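> Contents of final06.csv (CSV, C-alpha atoms and all ligand atoms):
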```csv
chain,number,residue,atom,x,y,z
A,8,MET,CA,-14.7,15.1,-24.1
A,9,ASN,CA,-16.9,12.3,-25.2
A,10,GLY,CA,-19.4,14.5,-26.8
A,11,ASP,CA,-20.6,16.8,-23.9
A,12,SER,CA,-18.5,19.9,-23.7
A,13,ARG,CA,-20.9,21.4,-21.1
A,14,LEU,CA,-19.6,19.2,-18.3
A,15,ILE,CA,-17.1,20.8,-16.0
A,16,LEU,CA,-14.3,18.4,-15.3
A,17,PRO,CA,-13.2,18.6,-11.6
A,18,THR,CA,-9.5,17.7,-11.7
A,19,ARG,CA,-7.2,17.8,-8.7
A,20,ARG,CA,-9.8,19.0,-6.3
A,21,THR,CA,-9.2,18.6,-2.6
A,22,ILE,CA,-12.4,18.1,-0.6
A,23,LEU,CA,-11.5,20.6,2.2
A,24,LYS,CA,-12.2,20.0,5.8
A,25,GLY,CA,-15.2,22.0,6.9
A,26,ALA,CA,-16.4,22.5,3.4
A,27,THR,CA,-20.1,23.2,3.5
A,28,GLY,CA,-21.0,21.0,0.5
A,29,ALA,CA,-19.9,19.6,-2.8
A,30,ALA,CA,-21.9,22.2,-4.7
A,31,ALA,CA,-19.9,24.9,-3.0
A,32,LEU,CA,-16.7,23.3,-4.4
A,33,GLY,CA,-18.1,23.1,-7.8
A,34,LEU,CA,-18.0,19.3,-7.8
A,35,VAL,CA,-21.6,18.5,-8.7
A,36,SER,CA,-22.6,17.9,-12.2
A,37,PRO,CA,-26.0,19.3,-13.2
A,38,PHE,CA,-26.6,16.1,-15.2
A,39,PRO,CA,-27.9,12.8,-13.7
A,40,LYS,CA,-25.7,9.7,-13.4
A,41,PRO,CA,-24.8,7.3,-14.9
A,42,ALA,CA,-23.9,9.5,-17.8
A,43,ILE,CA,-21.6,7.5,-19.9
A,44,ALA,CA,-23.8,8.1,-23.0
A,45,GLN,CA,-23.6,11.8,-22.3
A,46,GLY,CA,-19.8,11.6,-22.0
A,47,ALA,CA,-19.6,12.2,-18.2
A,48,PRO,CA,-16.1,11.5,-16.9
A,49,LEU,CA,-15.5,8.5,-14.7
A,50,LYS,CA,-15.3,9.9,-11.1
A,51,VAL,CA,-12.4,8.4,-9.1
A,52,GLY,CA,-12.4,9.2,-5.4
A,53,PHE,CA,-9.0,9.1,-3.7
A,54,MET,CA,-9.2,8.5,0.0
A,55,LEU,CA,-5.6,8.7,1.1
A,56,PRO,CA,-3.5,10.2,3.8
A,57,TYR,CA,-2.2,13.6,2.6
A,58,THR,CA,-1.1,14.6,6.1
A,59,GLY,CA,0.5,12.8,9.0
A,60,THR,CA,3.1,10.0,9.2
A,61,PHE,CA,1.8,8.4,6.0
A,62,ALA,CA,1.5,11.6,4.0
A,63,LYS,CA,4.2,10.8,1.5
A,64,LEU,CA,2.8,7.3,0.9
A,65,GLY,CA,-0.6,8.8,0.0
A,66,LYS,CA,1.0,11.4,-2.2
A,67,PHE,CA,3.0,8.8,-4.2
A,68,ILE,CA,0.0,6.6,-4.7
A,69,ASP,CA,-2.0,9.6,-6.0
A,70,GLU,CA,0.8,10.9,-8.3
A,71,ALA,CA,1.5,7.5,-9.8
A,72,PHE,CA,-2.2,6.7,-10.4
A,73,ARG,CA,-2.5,10.1,-12.2
A,74,LEU,CA,0.7,9.3,-14.2
A,75,HIS,CA,-0.9,6.2,-15.5
A,76,VAL,CA,-4.1,8.1,-16.5
A,77,GLU,CA,-2.0,10.8,-18.2
A,78,GLN,CA,-0.1,8.1,-20.2
A,79,LYS,CA,-3.5,7.0,-21.5
A,80,GLY,CA,-4.4,10.5,-22.6
A,81,GLY,CA,-6.4,11.4,-19.5
A,82,LYS,CA,-8.6,8.3,-19.9
A,83,LEU,CA,-9.1,4.8,-18.6
A,84,GLY,CA,-10.8,2.3,-20.8
A,85,GLY,CA,-11.3,5.1,-23.2
A,86,ARG,CA,-13.2,7.2,-20.7
A,87,GLN,CA,-12.2,10.6,-19.4
A,88,VAL,CA,-11.3,10.5,-15.7
A,89,ALA,CA,-12.0,13.1,-13.0
A,90,PHE,CA,-10.7,13.0,-9.5
A,91,VAL,CA,-11.8,14.0,-6.0
A,92,GLN,CA,-9.6,13.7,-3.0
A,93,VAL,CA,-10.2,13.2,0.7
A,94,ASP,CA,-7.4,13.4,3.3
A,95,ASP,CA,-8.2,10.5,5.6
A,96,GLU,CA,-5.3,11.5,7.9
A,97,SER,CA,-4.8,7.8,8.7
A,98,LYS,CA,-7.6,8.2,11.3
A,99,PRO,CA,-9.9,5.2,11.6
A,100,GLU,CA,-12.4,7.1,13.7
A,101,ALA,CA,-13.0,9.5,10.7
A,102,ALA,CA,-13.0,6.8,8.1
A,103,THR,CA,-16.7,6.0,7.8
A,104,ASP,CA,-17.7,9.6,7.4
A,105,ASN,CA,-15.0,10.2,4.9
A,106,MET,CA,-16.0,7.2,2.8
A,107,ASN,CA,-19.6,8.1,3.0
A,108,ARG,CA,-18.8,11.6,1.7
A,109,LEU,CA,-17.2,10.1,-1.4
A,110,VAL,CA,-19.9,7.5,-2.0
A,111,GLY,CA,-23.0,9.4,-0.9
A,112,ARG,CA,-22.3,13.0,-1.6
A,113,GLU,CA,-19.7,12.9,-4.4
A,114,LYS,CA,-21.2,9.8,-6.0
A,115,VAL,CA,-17.9,8.5,-7.2
A,116,ASP,CA,-17.8,5.6,-9.5
A,117,VAL,CA,-14.8,4.0,-7.8
A,118,VAL,CA,-12.9,4.6,-4.6
A,119,VAL,CA,-9.1,4.2,-4.5
A,120,GLY,CA,-7.8,4.0,-0.9
A,121,THR,CA,-6.1,3.7,1.5
A,122,VAL,CA,-2.8,3.3,3.3
A,123,HIS,CA,-3.7,2.5,6.9
A,124,SER,CA,-5.3,-0.9,7.7
A,125,GLY,CA,-7.7,0.4,10.3
A,126,VAL,CA,-9.0,3.1,7.9
A,127,ALA,CA,-9.3,0.5,5.1
A,128,MET,CA,-11.5,-1.8,7.2
A,129,ALA,CA,-14.0,1.0,7.7
A,130,MET,CA,-13.9,1.7,4.0
A,131,VAL,CA,-14.4,-2.0,3.2
A,132,LYS,CA,-17.6,-2.0,5.4
A,133,VAL,CA,-19.1,1.0,3.5
A,134,ALA,CA,-18.0,-0.5,0.1
A,135,ARG,CA,-19.8,-3.8,1.0
A,136,ASP,CA,-22.9,-2.0,2.3
A,137,THR,CA,-23.2,0.3,-0.8
A,138,ASN,CA,-21.7,-2.1,-3.4
A,139,THR,CA,-19.1,0.6,-4.3
A,140,LEU,CA,-16.1,-0.5,-6.3
A,141,LEU,CA,-13.1,-0.2,-4.1
A,142,ILE,CA,-9.4,-0.6,-5.1
A,143,ILE,CA,-7.0,-0.8,-2.2
A,144,PRO,CA,-3.6,0.6,-3.2
A,145,ASN,CA,-1.8,-0.1,0.0
A,146,ALA,CA,-3.5,-1.1,3.3
A,147,GLY,CA,-2.6,-4.7,4.1
A,148,ALA,CA,-5.4,-5.6,6.6
A,149,ASN,CA,-5.7,-9.4,5.9
A,150,GLU,CA,-9.5,-9.3,6.5
A,151,ALA,CA,-10.1,-7.1,3.4
A,152,THR,CA,-9.4,-10.0,1.2
A,153,GLY,CA,-10.1,-12.6,3.9
A,154,PRO,CA,-13.4,-12.8,5.8
A,155,ALA,CA,-14.5,-9.4,4.5
A,156,CYS,CA,-13.7,-10.1,0.8
A,157,ALA,CA,-16.3,-9.1,-1.7
A,158,PRO,CA,-16.8,-9.1,-5.5
A,159,ASN,CA,-16.5,-5.3,-5.6
A,160,ILE,CA,-13.2,-5.1,-3.6
A,161,PHE,CA,-9.7,-5.5,-5.1
A,162,ARG,CA,-6.3,-5.0,-3.6
A,163,THR,CA,-3.3,-4.2,-5.8
A,164,SER,CA,-0.7,-3.9,-3.0
A,165,PHE,CA,-0.3,-6.8,-0.6
A,166,SER,CA,-2.0,-8.4,2.4
A,167,ASN,CA,0.0,-7.8,5.6
A,168,TRP,CA,0.6,-11.6,5.6
A,169,GLN,CA,2.5,-11.5,2.3
A,170,PRO,CA,5.7,-9.4,2.6
A,171,ALA,CA,6.3,-10.6,6.2
A,172,PHE,CA,5.9,-14.3,5.6
A,173,PRO,CA,9.2,-15.0,3.7
A,174,MET,CA,11.2,-13.2,6.4
A,175,GLY,CA,11.0,-16.1,8.8
A,176,LYS,CA,13.0,-18.3,6.5
A,177,VAL,CA,15.4,-15.5,5.7
A,178,MET,CA,16.2,-14.8,9.3
A,179,ALA,CA,16.4,-18.5,10.3
A,180,GLU,CA,18.8,-19.2,7.4
A,181,ALA,CA,20.9,-16.3,8.6
A,182,GLY,CA,21.3,-18.3,11.8
A,183,HIS,CA,19.4,-16.0,14.2
A,184,LYS,CA,18.0,-17.9,17.1
A,185,ASN,CA,16.7,-15.3,19.5
A,186,ILE,CA,14.6,-12.6,17.9
A,187,VAL,CA,12.8,-9.5,19.2
A,188,THR,CA,10.0,-8.0,17.2
A,189,ILE,CA,9.0,-4.3,17.3
A,190,THR,CA,6.1,-2.4,15.7
A,191,TRP,CA,3.1,-0.2,16.2
A,192,ARG,CA,0.2,-1.9,17.9
A,193,TYR,CA,-2.5,-1.9,15.2
A,194,ALA,CA,-3.6,-4.3,12.6
A,195,ALA,CA,-0.7,-3.9,10.2
A,196,GLY,CA,2.0,-4.3,12.8
A,197,GLN,CA,0.3,-7.2,14.6
A,198,GLN,CA,-0.5,-9.1,11.4
A,199,MET,CA,3.0,-8.7,10.0
A,200,VAL,CA,4.5,-10.0,13.2
A,201,ASP,CA,2.1,-12.9,13.2
A,202,SER,CA,2.9,-13.8,9.6
A,203,PHE,CA,6.7,-13.6,10.3
A,204,LYS,CA,6.2,-15.9,13.4
A,205,GLU,CA,4.1,-18.4,11.4
A,206,ASN,CA,6.9,-18.8,8.8
A,207,LEU,CA,9.7,-18.8,11.5
A,208,ALA,CA,7.9,-21.7,13.3
A,209,GLN,CA,7.7,-23.6,10.0
A,210,THR,CA,11.5,-23.5,9.5
A,211,GLY,CA,12.1,-25.9,12.3
A,212,SER,CA,15.3,-24.0,13.1
A,213,GLY,CA,14.6,-23.6,16.7
A,214,ALA,CA,14.6,-19.8,16.3
A,215,LYS,CA,12.2,-18.1,18.8
A,216,ILE,CA,10.8,-14.8,19.6
A,217,VAL,CA,12.1,-13.6,23.0
A,218,GLU,CA,9.9,-10.6,23.2
A,219,GLU,CA,7.3,-8.7,21.2
A,220,LEU,CA,7.6,-4.9,21.6
A,221,TYR,CA,4.8,-2.5,20.7
A,222,LEU,CA,3.9,1.2,20.8
A,223,PRO,CA,0.7,2.9,19.9
A,224,PHE,CA,0.2,4.1,16.3
A,225,PRO,CA,1.5,6.7,15.2
A,226,GLU,CA,3.8,7.3,18.2
A,227,VAL,CA,7.6,7.7,17.5
A,228,GLU,CA,9.0,7.8,21.1
A,229,PHE,CA,11.2,4.7,20.5
A,230,GLN,CA,13.8,5.3,23.1
A,231,SER,CA,12.6,3.1,26.0
A,232,LEU,CA,11.9,0.2,23.6
A,233,ILE,CA,15.3,0.5,22.0
A,234,THR,CA,16.8,0.4,25.5
A,235,ARG,CA,14.8,-2.7,26.1
A,236,ILE,CA,16.3,-4.3,23.0
A,237,ALA,CA,19.8,-3.4,24.2
A,238,THR,CA,19.0,-5.1,27.5
A,239,LEU,CA,17.5,-8.3,25.9
A,240,ARG,CA,20.5,-8.6,23.5
A,241,PRO,CA,18.7,-10.7,20.9
A,242,ASP,CA,20.5,-12.0,17.8
A,243,ALA,CA,18.4,-9.9,15.5
A,244,VAL,CA,15.3,-7.7,15.4
A,245,PHE,CA,12.2,-7.9,13.1
A,246,SER,CA,10.3,-4.7,12.6
A,247,PHE,CA,7.4,-3.0,10.8
A,248,PHE,CA,7.3,0.8,10.6
A,249,ALA,CA,6.6,3.0,7.6
A,250,GLY,CA,6.7,6.6,6.5
A,251,GLY,CA,7.8,9.2,8.9
A,252,GLY,CA,7.8,6.7,11.8
A,253,ALA,CA,10.2,4.4,9.9
A,254,VAL,CA,12.6,7.3,9.2
A,255,LYS,CA,12.8,8.1,12.9
A,256,PHE,CA,13.0,4.4,14.1
A,257,VAL,CA,15.9,3.5,11.8
A,258,LYS,CA,17.8,6.7,12.8
A,259,ASP,CA,17.2,6.2,16.5
A,260,TYR,CA,18.2,2.5,16.3
A,261,ALA,CA,21.6,3.5,14.7
A,262,ALA,CA,22.1,6.4,17.0
A,263,ALA,CA,21.7,4.1,20.0
A,264,GLY,CA,24.6,2.0,18.6
A,265,LEU,CA,22.6,-1.1,18.0
A,266,LYS,CA,22.8,-1.3,14.2
A,267,GLU,CA,26.3,-2.9,14.2
A,268,ARG,CA,25.5,-5.2,17.2
A,269,ILE,CA,22.0,-6.4,16.6
A,270,PRO,CA,21.0,-6.6,12.9
A,271,LEU,CA,17.7,-5.0,12.0
A,272,TYR,CA,15.3,-6.6,9.6
A,273,GLY,CA,11.8,-5.9,8.6
A,274,THR,CA,9.2,-5.8,5.9
A,275,GLY,CA,10.4,-3.4,3.2
A,276,PHE,CA,8.2,-0.6,4.3
A,277,LEU,CA,11.0,0.2,6.8
A,278,THR,CA,13.2,1.5,4.1
A,279,ASP,CA,11.0,2.2,1.1
A,280,GLY,CA,10.4,5.8,0.3
A,281,THR,CA,12.3,6.6,3.5
A,282,ILE,CA,15.9,5.9,2.5
A,283,GLU,CA,16.9,9.4,1.5
A,284,ALA,CA,15.8,10.7,4.9
A,285,GLN,CA,17.4,7.8,6.8
A,286,GLY,CA,20.8,8.3,5.1
A,287,GLU,CA,23.7,6.2,6.5
A,288,ALA,CA,21.5,4.8,9.2
A,289,ALA,CA,19.7,2.5,6.7
A,290,ASN,CA,22.8,1.0,5.1
A,291,GLY,CA,22.9,-2.8,5.3
A,292,ILE,CA,19.3,-3.2,6.5
A,293,LYS,CA,17.7,-6.3,4.9
A,294,THR,CA,14.0,-6.4,4.2
A,295,THR,CA,11.4,-8.4,2.3
A,296,LEU,CA,8.9,-6.7,-0.1
A,297,HIS,CA,7.2,-7.0,-3.4
A,298,TYR,CA,9.5,-4.4,-5.0
A,299,ALA,CA,13.1,-3.4,-5.2
A,300,ASP,CA,14.5,-0.2,-6.7
A,301,ASN,CA,16.8,-1.8,-9.2
A,302,LEU,CA,14.5,-4.6,-10.5
A,303,ASP,CA,15.9,-5.2,-13.9
A,304,ASN,CA,12.8,-5.2,-16.1
A,305,PRO,CA,11.7,-2.8,-18.8
A,306,ALA,CA,8.4,-1.9,-17.0
A,307,ASN,CA,10.3,-0.8,-13.9
A,308,LYS,CA,12.8,1.3,-15.9
A,309,ALA,CA,10.1,3.0,-17.9
A,310,PHE,CA,8.0,3.6,-14.8
A,311,LEU,CA,10.8,5.1,-12.7
A,312,GLU,CA,11.8,7.4,-15.6
A,313,ALA,CA,8.3,8.6,-16.2
A,314,PHE,CA,7.6,9.1,-12.5
A,315,LYS,CA,10.8,11.1,-12.1
A,316,LYS,CA,9.9,13.2,-15.1
A,317,LYS,CA,6.5,14.0,-13.7
A,318,THR,CA,7.3,14.6,-10.1
A,319,ASN,CA,11.1,15.1,-10.0
A,320,LEU,CA,11.1,12.4,-7.3
A,321,ASP,CA,12.3,8.8,-7.2
A,322,GLY,CA,9.5,6.2,-7.4
A,323,ASP,CA,9.0,3.6,-4.6
A,324,VAL,CA,6.7,0.8,-3.8
A,325,TYR,CA,3.8,3.1,-3.0
A,326,ALA,CA,4.0,4.7,-6.4
A,327,VAL,CA,4.1,1.3,-8.0
A,328,GLN,CA,0.9,0.3,-6.2
A,329,GLY,CA,-0.8,3.5,-7.3
A,330,TYR,CA,0.3,3.0,-10.8
A,331,ASP,CA,-0.9,-0.6,-10.9
A,332,SER,CA,-4.3,0.4,-9.4
A,333,ALA,CA,-4.9,2.5,-12.4
A,334,ALA,CA,-3.7,-0.3,-14.7
A,335,LEU,CA,-6.2,-2.7,-13.0
A,336,LEU,CA,-9.1,-0.2,-13.4
A,337,ASP,CA,-8.1,0.4,-17.0
A,338,ILE,CA,-8.3,-3.3,-17.7
A,339,GLY,CA,-11.8,-3.5,-16.2
A,340,LEU,CA,-13.1,-0.4,-18.0
A,341,THR,CA,-11.6,-1.4,-21.3
A,342,ALA,CA,-13.6,-4.7,-21.2
A,343,VAL,CA,-16.9,-2.7,-20.9
A,344,GLY,CA,-16.0,0.2,-23.2
A,345,GLY,CA,-15.8,2.6,-20.2
A,346,ASP,CA,-19.3,1.7,-18.9
A,347,ALA,CA,-18.6,1.2,-15.1
A,348,GLY,CA,-22.3,0.2,-14.8
A,349,ALA,CA,-21.6,-3.1,-16.5
A,350,ARG,CA,-20.2,-4.3,-13.2
A,351,ASP,CA,-20.1,-8.1,-13.6
A,352,LYS,CA,-18.3,-8.0,-16.9
A,353,MET,CA,-15.9,-5.4,-15.5
A,354,ILE,CA,-15.1,-7.4,-12.4
A,355,ALA,CA,-14.6,-10.5,-14.5
A,356,ALA,CA,-11.9,-8.7,-16.5
A,357,MET,CA,-10.2,-7.4,-13.4
A,358,GLU,CA,-10.2,-10.9,-11.9
A,359,GLY,CA,-8.4,-12.2,-15.0
A,360,ALA,CA,-6.0,-9.2,-15.2
A,361,LYS,CA,-2.3,-10.0,-15.7
A,362,ILE,CA,-0.2,-6.9,-15.4
A,363,ASP,CA,3.4,-6.4,-16.4
A,364,SER,CA,4.1,-4.3,-13.3
A,365,PRO,CA,7.3,-2.5,-12.4
A,366,ARG,CA,7.5,-5.0,-9.6
A,367,GLY,CA,7.3,-8.0,-12.0
A,368,PRO,CA,4.3,-9.9,-13.3
A,369,ILE,CA,1.2,-9.7,-11.1
A,370,SER,CA,-2.2,-11.4,-11.2
A,371,PHE,CA,-5.1,-11.8,-8.8
A,372,SER,CA,-6.3,-14.6,-6.6
A,373,LYS,CA,-9.9,-15.6,-6.0
A,374,SER,CA,-10.1,-13.3,-3.1
A,375,HIS,CA,-9.1,-10.4,-5.3
A,376,ASN,CA,-5.7,-9.9,-3.7
A,377,VAL,CA,-2.6,-9.5,-5.8
A,378,VAL,CA,-0.3,-12.5,-6.4
A,379,GLN,CA,3.3,-11.4,-6.7
A,380,ASN,CA,7.0,-12.1,-6.0
A,381,ILE,CA,8.4,-11.2,-2.7
A,382,TYR,CA,12.0,-10.0,-2.9
A,383,LEU,CA,14.8,-10.0,-0.4
A,384,ARG,CA,16.5,-6.6,-0.6
A,385,GLU,CA,19.4,-4.9,1.1
A,386,VAL,CA,20.0,-1.2,1.5
A,387,ARG,CA,23.2,-0.3,-0.4
A,388,ASN,CA,24.3,3.1,-1.7
A,389,GLY,CA,21.0,4.7,-0.7
A,390,ARG,CA,18.9,2.1,-2.6
A,391,ASN,CA,16.8,-0.9,-1.8
A,392,GLU,CA,18.8,-3.3,-3.9
A,393,TYR,CA,17.5,-6.6,-5.1
A,394,VAL,CA,19.2,-9.6,-3.5
A,395,SER,CA,17.0,-12.6,-4.4
A,396,VAL,CA,13.5,-13.8,-4.9
A,397,ALA,CA,12.5,-14.7,-1.3
A,398,HIS,CA,9.2,-16.3,-2.5
A,399,ALA,CA,8.0,-16.4,-6.1
A,400,ASN,CA,4.3,-15.8,-6.9
A,401,LEU,CA,3.2,-15.6,-3.3
A,402,ALA,CA,-0.6,-15.6,-2.9
A,403,ASP,CA,-2.2,-14.7,0.4
A,404,PRO,CA,-4.0,-17.7,2.0
A,405,ALA,CA,-7.2,-15.7,2.0
A,406,ARG,CA,-8.4,-17.3,5.2
A,407,GLY,CA,-12.1,-16.9,5.7
A,408,CYS,CA,-12.8,-15.6,2.2
A,409,ARG,CA,-15.9,-17.2,0.7
A,410,LEU,CA,-15.6,-15.8,-2.8
A,411,SER,CA,-15.5,-18.5,-5.4
A,412,ALA,CA,-15.0,-16.4,-8.6
A,501,LIG,C1,-1.1,-0.6,6.8
A,501,LIG,O1,-1.6,0.0,7.8
A,501,LIG,O2,-1.7,-1.6,6.3
A,501,LIG,C2,0.2,-0.2,6.2
A,501,LIG,C3,0.6,1.1,6.3
A,501,LIG,C4,1.8,1.5,5.8
A,501,LIG,C5,2.6,0.5,5.1
A,501,LIG,C6,2.2,-0.8,5.1
A,501,LIG,C7,1.0,-1.2,5.6
A,501,LIG,O3,3.7,0.9,4.6
```
Using the file provided, produce a representation of the structure as structure tokens.

Amino acid sequence: MNGDSRLILPTRRTILKGATGAAALGLVSPFPKPAIAQGAPLKVGFMLPYTGTFAKLGKFIDEAFRLHVEQKGGKLGGRQVAFVQVDDESKPEAATDNMNRLVGREKVDVVVGTVHSGVAMAMVKVARDTNTLLIIPNAGANEATGPACAPNIFRTSFSNWQPAFPMGKVMAEAGHKNIVTITWRYAAGQQMVDSFKENLAQTGSGAKIVEELYLPFPEVEFQSLITRIATLRPDAVFSFFAGGGAVKFVKDYAAAGLKERIPLYGTGFLTDGTIEAQGEAANGIKTTLHYADNLDNPANKAFLEAFKKKTNLDGDVYAVQGYDSAALLDIGLTAVGGDAGARDKMIAAMEGAKIDSPRGPISFSKSHNVVQNIYLREVRNGRNEYVSVAHANLADPARGCRLSA
């Protein structure tokens, strides 16, 4: 282990709620940091939801990140990696404290998180204030790579703007004129609806939004809103839900008899990682996303096989994002021989990263957000099957970002 066998490697630790201190959990190294010369492991802090409606999303990001590290012999950039985990529960009100624990108490070298946009924005603030390297493996809050962009913040997943944008054209071309939108009222839902509307307006098709429906995050009492959709009788519905909420929404929509009468569309989070639980109710749903289960490229095939072997589960978009987060960090650390203290050089390497991702080729824009294909997919035979490229190499407009890297 890089020459210092006295160090205790904390792997797979969960920072438990109510724990009285890191020392009590055996997480504190008796040696000062940075300790690359002494062979200290690189400390990665996962701040992810391990409980609640997004629990599965967090777990898949975590598992796939670890898979990548395992494939590199337990190392990134040649340096041993240790993990600490915090369950952020998708609760924005606890986010600053959780992030401060990782940065202040645990003294992690890099934070990887999170799923929920509101939680992510609190993390972005702490990362900016403390100059902590942050890799966002899901949360789409546009601001993170917009007005709040920073040299030390990267996003491997998407901005909320990205996967929703091409859907305007898709639905207009399908001939839908009167559209209802439905989502949770929080940053991700609002921003995806806005992006979809932006693109719809650009089509010049005359298609319009007849009503925007919202419920508070993470509520799943959809019945009255589904009744409202039945009353409005639009040509189609655009939606964003994810995780456990998406499972219930798709099932409730079908159970209300709307599925055959009013086609349901959305960003691909609606049916990604949820399809098994949704069963028949998901069949035929069309979505746009930066991934599809049957993308025919060697990286995807190898990834899905390895993920299945490790977890006995089918990989999904969240797993891909976790996997690519490790790939990005590996590129940065390789450029500096594992010395995360050589920050400028590391960041320059990450900015120039070109990754052969399971989702297809990806790179990074000046704002440090991922540039990627957005695919149109359709649920067939229990899979999110590729239909077409809805928008090739789509970069977020990064409105308000002042980075000029
Ligand atoms: C978000 O809050 O940014 C978010 C959460 C779950 C998703 C996508 C976006 O699947």
> Which residues come within 6 Å of range 356-370 of chain A, counting all atoms listed in the file, excluding same-chain residues fewer than 3 positions away, as a count of residues only?
8
> Can I get the residues close to ligand LIG 501 (chain A) as a PyMOL selection string, where close means within 9 Å and we count all atoms listed in the file?
chain A and resi 61+64+97+121-127+145-149+165-167+193-196+199+247-250+274-277+279+324-325
> For Pro48 in chain A, which residue among A:Val187, A:Leu83, A:Ala89, A:Leu109 is the nearest when counting only C-alpha atoms?
A:Ala89
> Distance CA of Lys184 in chain A-CA of Phe245 in chain A, one decimal place?
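CA of Lys184 in chain A sits 12.2 Å away from CA of Phe245 in chain A.
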> Select, from A:Asn391, A:Asn107, A:Gln328, A:Ser374, the residue with the minimum atom-to-atom distance to Asn290 in chain A, counting only C-alpha atoms.
A:Asn391
> Which polymer residues have any atom within 10 Å of an atom of Phe310 in chain A, counting only C-alpha atoms, with same-chain residues fewer than 4 positions away left out, as a compact mmCIF listing (two decimals) with C-alpha atoms, in the coordinates of the input?

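Output file out_32.txt follows:
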```txt
# COMPACT_ATOMS: atom_id res chain seq x y z
CA ALA A 71 1.50 7.50 -9.80
CA LEU A 74 0.70 9.30 -14.20
CA HIS A 75 -0.90 6.20 -15.50
CA PRO A 305 11.70 -2.80 -18.80
CA ALA A 306 8.40 -1.90 -17.00
CA PHE A 314 7.60 9.10 -12.50
CA LYS A 315 10.80 11.10 -12.10
CA LYS A 316 9.90 13.20 -15.10
CA GLY A 322 9.50 6.20 -7.40
CA ALA A 326 4.00 4.70 -6.40
CA VAL A 327 4.10 1.30 -8.00
CA TYR A 330 0.30 3.00 -10.80
CA SER A 364 4.10 -4.30 -13.30
CA PRO A 365 7.30 -2.50 -12.40
```
> At a cut-off of 12 Å around the point (15.5, -9.5, -5.2) (file coordinates), what residues fall inside when counting only C-alpha atoms? I'd like the answer as a PyMOL selection string.
chain A and resi 275+293-303+366-367+380-386+391-399
> Could you check how far CA of Ala102 in chain A sits from CA of Arg162 in chain A, in Å to one decimal?
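So the two atoms, CA of Ala102 in chain A and CA of Arg162 in chain A, lie 17.9 Å apart.
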